[in-house]
Amino acid sequence: MKTISIAIDGPSGAGKSTLARAIAAELGYLYVDTGAIYRTIGYYTLTHGIDPKDSAAVAACLPDIRVELTYGEDGLQHMLLNDRDVTKEIRLPEVSLCASAVSAHREVRAFLLDMQRQLARTHSVIMDGRDIGTVVLPDADVKVYLTASAQARAQRRCAELEERGTPEPFEKVLREIEERDWNDIHRDVAPLRQAEDAVLLDTTDLDFQESKAALLNIIRKRTSL
Ligand code: DC
């Protein structure tokens, strides 16, 4: 069976996951949030007192980690860490910077690569992350680089946190977004960058519905969907 792969990359807070999830539901594809996989490793380091920036220490703990990605009856992606469902815990703000730090290590990326590719071999997917179009699925049928200004992304993240009942000051959220951007763009291994054949979509001035329409338009132009 021919499967279709749609790769969506971009900085944190650009709306990748919300948009990709909505479009996957519309097209009947599997939505794969690869950031959640790095968050799971970041969460492990946080709860085991391991410095996520220490590549040797992180590499040494990989044999003790079993990461599984499953889909619940709700159709949502769940992350299992050594058989424990950590889907909620990995969203804690303190896990974000740990995830960014562990994702810079070559050993971590190699450890997770096959799991991501395997999903795309067996399903039509919309996969979002930082290196999907450049490294994980270089032959994806559609590649989109989704971005927005850091200010707009911080505003959206603040609204999201407030909705969840865990508000944070705007300046702090903006600083963390800028720090993660810097880490993700400047790392040596699989840095965040637009693939040469990716279509750029800047959602700074677009609301959700406008962004979704623009993204669907790009997908339809590149496929026969
Ligand atoms: O998308 P997110 O914010 O949940 O991702 C968490 C971190 O994981 C992010 O700072 C960078 C890293 N990441 C990555 O390096 N490669 C991916 N494909 C996805 C995420």
# chains A, B, ... in the order shown; residues from 1 in each chain; ligands from 1
>>> closest_atom_pairs(of="chain A", to="ligand 1", cutoff="6 Å", atoms="only C-alpha atoms and all ligand atoms", output="Markdown table")
| residue | atom | partner | partner_atom_place_in_ligand_line | distance |
| --- | --- | --- | --- | --- |
| A:Ser12 | CA | ligand 1 | 3 (O) | 4.8 |
| A:Thr34 | CA | ligand 1 | 19 (C) | 4.8 |
| A:Gly35 | CA | ligand 1 | 5 (O) | 3.5 |
| A:Ala36 | CA | ligand 1 | 4 (O) | 5.2 |
| A:Tyr38 | CA | ligand 1 | 8 (O) | 4.8 |
| A:Arg39 | CA | ligand 1 | 6 (C) | 5.6 |
| A:Ser96 | CA | ligand 1 | 6 (C) | 5.7 |
| A:Ala99 | CA | ligand 1 | 7 (C) | 4.6 |
| A:Ser100 | CA | ligand 1 | 10 (O) | 3.6 |
| A:Ser103 | CA | ligand 1 | 15 (O) | 4.6 |
| A:Gly129 | CA | ligand 1 | 18 (N) | 3.5 |
| A:Arg130 | CA | ligand 1 | 18 (N) | 4.1 |
| A:Asp131 | CA | ligand 1 | 18 (N) | 5.0 |
| A:Ile132 | CA | ligand 1 | 18 (N) | 5.8 |
| A:Arg180 | CA | ligand 1 | 10 (O) | 5.5 |
| A:Asp184 | CA | ligand 1 | 11 (C) | 5.8 |
>>> select_by_dssp(residues="chain A", states="strand (DSSP E or B)", output="MDAnalysis selection string")
chainID A and resid 5:9 30:33 67:71 77:81 84:85 125:129 142:147 199:202
>>> residues_around(residues="A:Thr70", least_positions_apart="3", cutoff="12 Å", atoms="only C-alpha atoms", output="PyMOL selection string")
chain A and resi 30-33+36-37+67+73-81+83-87+115+119
>>> write_last_selection(atoms="N, CA, C and O atoms", output="PDB file, in the first residue's frame")
ATOM      1  N   LEU A  30      -2.278   9.375  10.372  1.00  0.00           N
ATOM      2  CA  LEU A  30      -1.759   9.296  11.728  1.00  0.00           C
ATOM      3  C   LEU A  30      -0.977  10.578  12.011  1.00  0.00           C
ATOM      4  O   LEU A  30      -0.138  10.985  11.203  1.00  0.00           O
ATOM      5  N   TYR A  31      -1.263  11.179  13.151  1.00  0.00           N
ATOM      6  CA  TYR A  31      -0.488  12.364  13.535  1.00  0.00           C
ATOM      7  C   TYR A  31       0.637  11.921  14.467  1.00  0.00           C
ATOM      8  O   TYR A  31       0.390  11.290  15.494  1.00  0.00           O
ATOM      9  N   VAL A  32       1.863  12.245  14.121  1.00  0.00           N
ATOM     10  CA  VAL A  32       2.996  11.875  14.970  1.00  0.00           C
ATOM     11  C   VAL A  32       3.700  13.138  15.456  1.00  0.00           C
ATOM     12  O   VAL A  32       4.262  13.903  14.667  1.00  0.00           O
ATOM     13  N   ASP A  33       3.632  13.319  16.771  1.00  0.00           N
ATOM     14  CA  ASP A  33       4.273  14.470  17.417  1.00  0.00           C
ATOM     15  C   ASP A  33       5.652  14.004  17.901  1.00  0.00           C
ATOM     16  O   ASP A  33       5.754  13.357  18.941  1.00  0.00           O
ATOM     17  N   ALA A  36       7.224  15.041  21.382  1.00  0.00           N
ATOM     18  CA  ALA A  36       6.833  14.281  22.575  1.00  0.00           C
ATOM     19  C   ALA A  36       7.844  13.180  22.881  1.00  0.00           C
ATOM     20  O   ALA A  36       8.054  12.818  24.041  1.00  0.00           O
ATOM     21  N   ILE A  37       8.492  12.656  21.841  1.00  0.00           N
ATOM     22  CA  ILE A  37       9.462  11.573  22.045  1.00  0.00           C
ATOM     23  C   ILE A  37      10.714  12.143  22.745  1.00  0.00           C
ATOM     24  O   ILE A  37      11.231  11.558  23.694  1.00  0.00           O
ATOM     25  N   VAL A  67      11.171   3.705  25.142  1.00  0.00           N
ATOM     26  CA  VAL A  67      10.161   4.701  24.768  1.00  0.00           C
ATOM     27  C   VAL A  67       9.209   4.061  23.777  1.00  0.00           C
ATOM     28  O   VAL A  67       9.645   3.459  22.793  1.00  0.00           O
ATOM     29  N   GLU A  73      -7.609   4.929  22.842  1.00  0.00           N
ATOM     30  CA  GLU A  73      -8.929   4.779  22.220  1.00  0.00           C
ATOM     31  C   GLU A  73      -9.457   6.130  21.769  1.00  0.00           C
ATOM     32  O   GLU A  73     -10.285   6.228  20.858  1.00  0.00           O
ATOM     33  N   ASP A  74      -8.965   7.191  22.421  1.00  0.00           N
ATOM     34  CA  ASP A  74      -9.344   8.550  22.049  1.00  0.00           C
ATOM     35  C   ASP A  74      -8.661   8.979  20.743  1.00  0.00           C
ATOM     36  O   ASP A  74      -8.883  10.072  20.241  1.00  0.00           O
ATOM     37  N   GLY A  75      -7.804   8.116  20.205  1.00  0.00           N
ATOM     38  CA  GLY A  75      -7.097   8.446  18.968  1.00  0.00           C
ATOM     39  C   GLY A  75      -5.885   9.335  19.220  1.00  0.00           C
ATOM     40  O   GLY A  75      -5.154   9.682  18.300  1.00  0.00           O
ATOM     41  N   LEU A  76      -5.658   9.704  20.480  1.00  0.00           N
ATOM     42  CA  LEU A  76      -4.542  10.609  20.773  1.00  0.00           C
ATOM     43  C   LEU A  76      -3.246   9.837  21.020  1.00  0.00           C
ATOM     44  O   LEU A  76      -3.272   8.699  21.490  1.00  0.00           O
ATOM     45  N   GLN A  77      -2.143  10.497  20.696  1.00  0.00           N
ATOM     46  CA  GLN A  77      -0.834   9.880  20.887  1.00  0.00           C
ATOM     47  C   GLN A  77      -0.475   9.860  22.378  1.00  0.00           C
ATOM     48  O   GLN A  77      -0.570  10.879  23.050  1.00  0.00           O
ATOM     49  N   HIS A  78      -0.076   8.690  22.851  1.00  0.00           N
ATOM     50  CA  HIS A  78       0.386   8.576  24.233  1.00  0.00           C
ATOM     51  C   HIS A  78       1.853   8.163  24.243  1.00  0.00           C
ATOM     52  O   HIS A  78       2.284   7.394  23.390  1.00  0.00           O
ATOM     53  N   MET A  79       2.604   8.672  25.212  1.00  0.00           N
ATOM     54  CA  MET A  79       4.001   8.287  25.338  1.00  0.00           C
ATOM     55  C   MET A  79       4.172   7.391  26.548  1.00  0.00           C
ATOM     56  O   MET A  79       3.722   7.737  27.651  1.00  0.00           O
ATOM     57  N   LEU A  80       4.816   6.241  26.319  1.00  0.00           N
ATOM     58  CA  LEU A  80       5.113   5.333  27.420  1.00  0.00           C
ATOM     59  C   LEU A  80       6.617   5.360  27.666  1.00  0.00           C
ATOM     60  O   LEU A  80       7.412   5.256  26.722  1.00  0.00           O
ATOM     61  N   LEU A  81       6.972   5.511  28.932  1.00  0.00           N
ATOM     62  CA  LEU A  81       8.378   5.479  29.324  1.00  0.00           C
ATOM     63  C   LEU A  81       8.528   4.295  30.270  1.00  0.00           C
ATOM     64  O   LEU A  81       7.969   4.313  31.374  1.00  0.00           O
ATOM     65  N   ASP A  83       7.070   1.512  30.217  1.00  0.00           N
ATOM     66  CA  ASP A  83       5.697   1.027  30.482  1.00  0.00           C
ATOM     67  C   ASP A  83       4.788   2.004  31.230  1.00  0.00           C
ATOM     68  O   ASP A  83       3.631   1.690  31.478  1.00  0.00           O
ATOM     69  N   ARG A  84       5.307   3.154  31.619  1.00  0.00           N
ATOM     70  CA  ARG A  84       4.466   4.105  32.351  1.00  0.00           C
ATOM     71  C   ARG A  84       3.995   5.202  31.397  1.00  0.00           C
ATOM     72  O   ARG A  84       4.784   5.738  30.612  1.00  0.00           O
ATOM     73  N   ASP A  85       2.705   5.528  31.450  1.00  0.00           N
ATOM     74  CA  ASP A  85       2.172   6.575  30.578  1.00  0.00           C
ATOM     75  C   ASP A  85       2.575   7.949  31.134  1.00  0.00           C
ATOM     76  O   ASP A  85       2.157   8.328  32.223  1.00  0.00           O
ATOM     77  N   VAL A  86       3.421   8.669  30.378  1.00  0.00           N
ATOM     78  CA  VAL A  86       3.923   9.972  30.849  1.00  0.00           C
ATOM     79  C   VAL A  86       3.408  11.114  29.961  1.00  0.00           C
ATOM     80  O   VAL A  86       3.998  12.201  29.924  1.00  0.00           O
ATOM     81  N   THR A  87       2.317  10.847  29.248  1.00  0.00           N
ATOM     82  CA  THR A  87       1.775  11.816  28.287  1.00  0.00           C
ATOM     83  C   THR A  87       1.531  13.193  28.914  1.00  0.00           C
ATOM     84  O   THR A  87       1.820  14.213  28.285  1.00  0.00           O
ATOM     85  N   MET A 115      12.445   4.486  15.079  1.00  0.00           N
ATOM     86  CA  MET A 115      11.062   4.464  15.569  1.00  0.00           C
ATOM     87  C   MET A 115      10.188   5.424  14.750  1.00  0.00           C
ATOM     88  O   MET A 115       9.058   5.123  14.373  1.00  0.00           O
ATOM     89  N   LEU A 119       7.135   4.319  11.664  1.00  0.00           N
ATOM     90  CA  LEU A 119       5.737   4.772  11.650  1.00  0.00           C
ATOM     91  C   LEU A 119       5.328   5.238  10.256  1.00  0.00           C
ATOM     92  O   LEU A 119       4.229   4.973   9.788  1.00  0.00           O
TER      93      LEU A 119
END
>>> atom_distance(atom1="atom CA of A:Cys61", atom2="atom CA of A:Val95")
17.2 Å
>>> residues_around(residues="stretch 49-58 of chain A", least_positions_apart="2", cutoff="7 Å", atoms="only C-alpha atoms", output="list of chain:residue names")
A:Gly42, A:Thr45, A:Leu46, A:Thr47, A:Ala60, A:Cys61, A:Leu62, A:Cys98, A:Ala101, A:Val102, A:His105
>>> atom_distance(atom1="atom CA of A:Cys158", atom2="atom CA of A:Ala213")
24.0 Å
>>> closest_residue(among="A:Val173, A:Leu137, A:Ala25, A:Ile218", to="A:Val199", atoms="only C-alpha atoms")
A:Ile218
>>> residues_around(residues="A:Asn217", least_positions_apart="6", cutoff="12 Å", atoms="only C-alpha atoms", output="ChimeraX atom specification")
/A:23,142,144,199,201,210-211,223-225
>>> write_last_selection(atoms="C-alpha atoms", output="short mmCIF file (atom, residue, chain, number, x, y, z; two decimals), in the first residue's frame")
data_model
loop_
_atom_site.label_atom_id
_atom_site.label_comp_id
_atom_site.auth_asym_id
_atom_site.auth_seq_id
_atom_site.Cartn_x
_atom_site.Cartn_y
_atom_site.Cartn_z
CA ILE A 23 -5.37 18.09 9.37
CA VAL A 142 5.01 17.27 1.26
CA VAL A 144 6.25 22.51 5.17
CA VAL A 199 7.24 25.35 1.50
CA LEU A 201 4.30 29.11 5.87
CA GLU A 210 -6.56 30.76 8.12
CA SER A 211 -3.43 28.77 8.96
CA THR A 223 -0.56 15.67 -3.66
CA SER A 224 -3.78 14.51 -5.28
CA LEU A 225 -5.65 14.68 -1.96
#
>>> residues_around(residues="A:Gln194", least_positions_apart="4", cutoff="8 Å", atoms="only C-alpha atoms", output="ChimeraX atom specification")
/A:9-10,133-134,145,198,200
>>> select_by_dssp(residues="stretch 63-131 of chain A", states="alpha helix (DSSP H)", output="ChimeraX atom specification")
/A:93-102,106-122
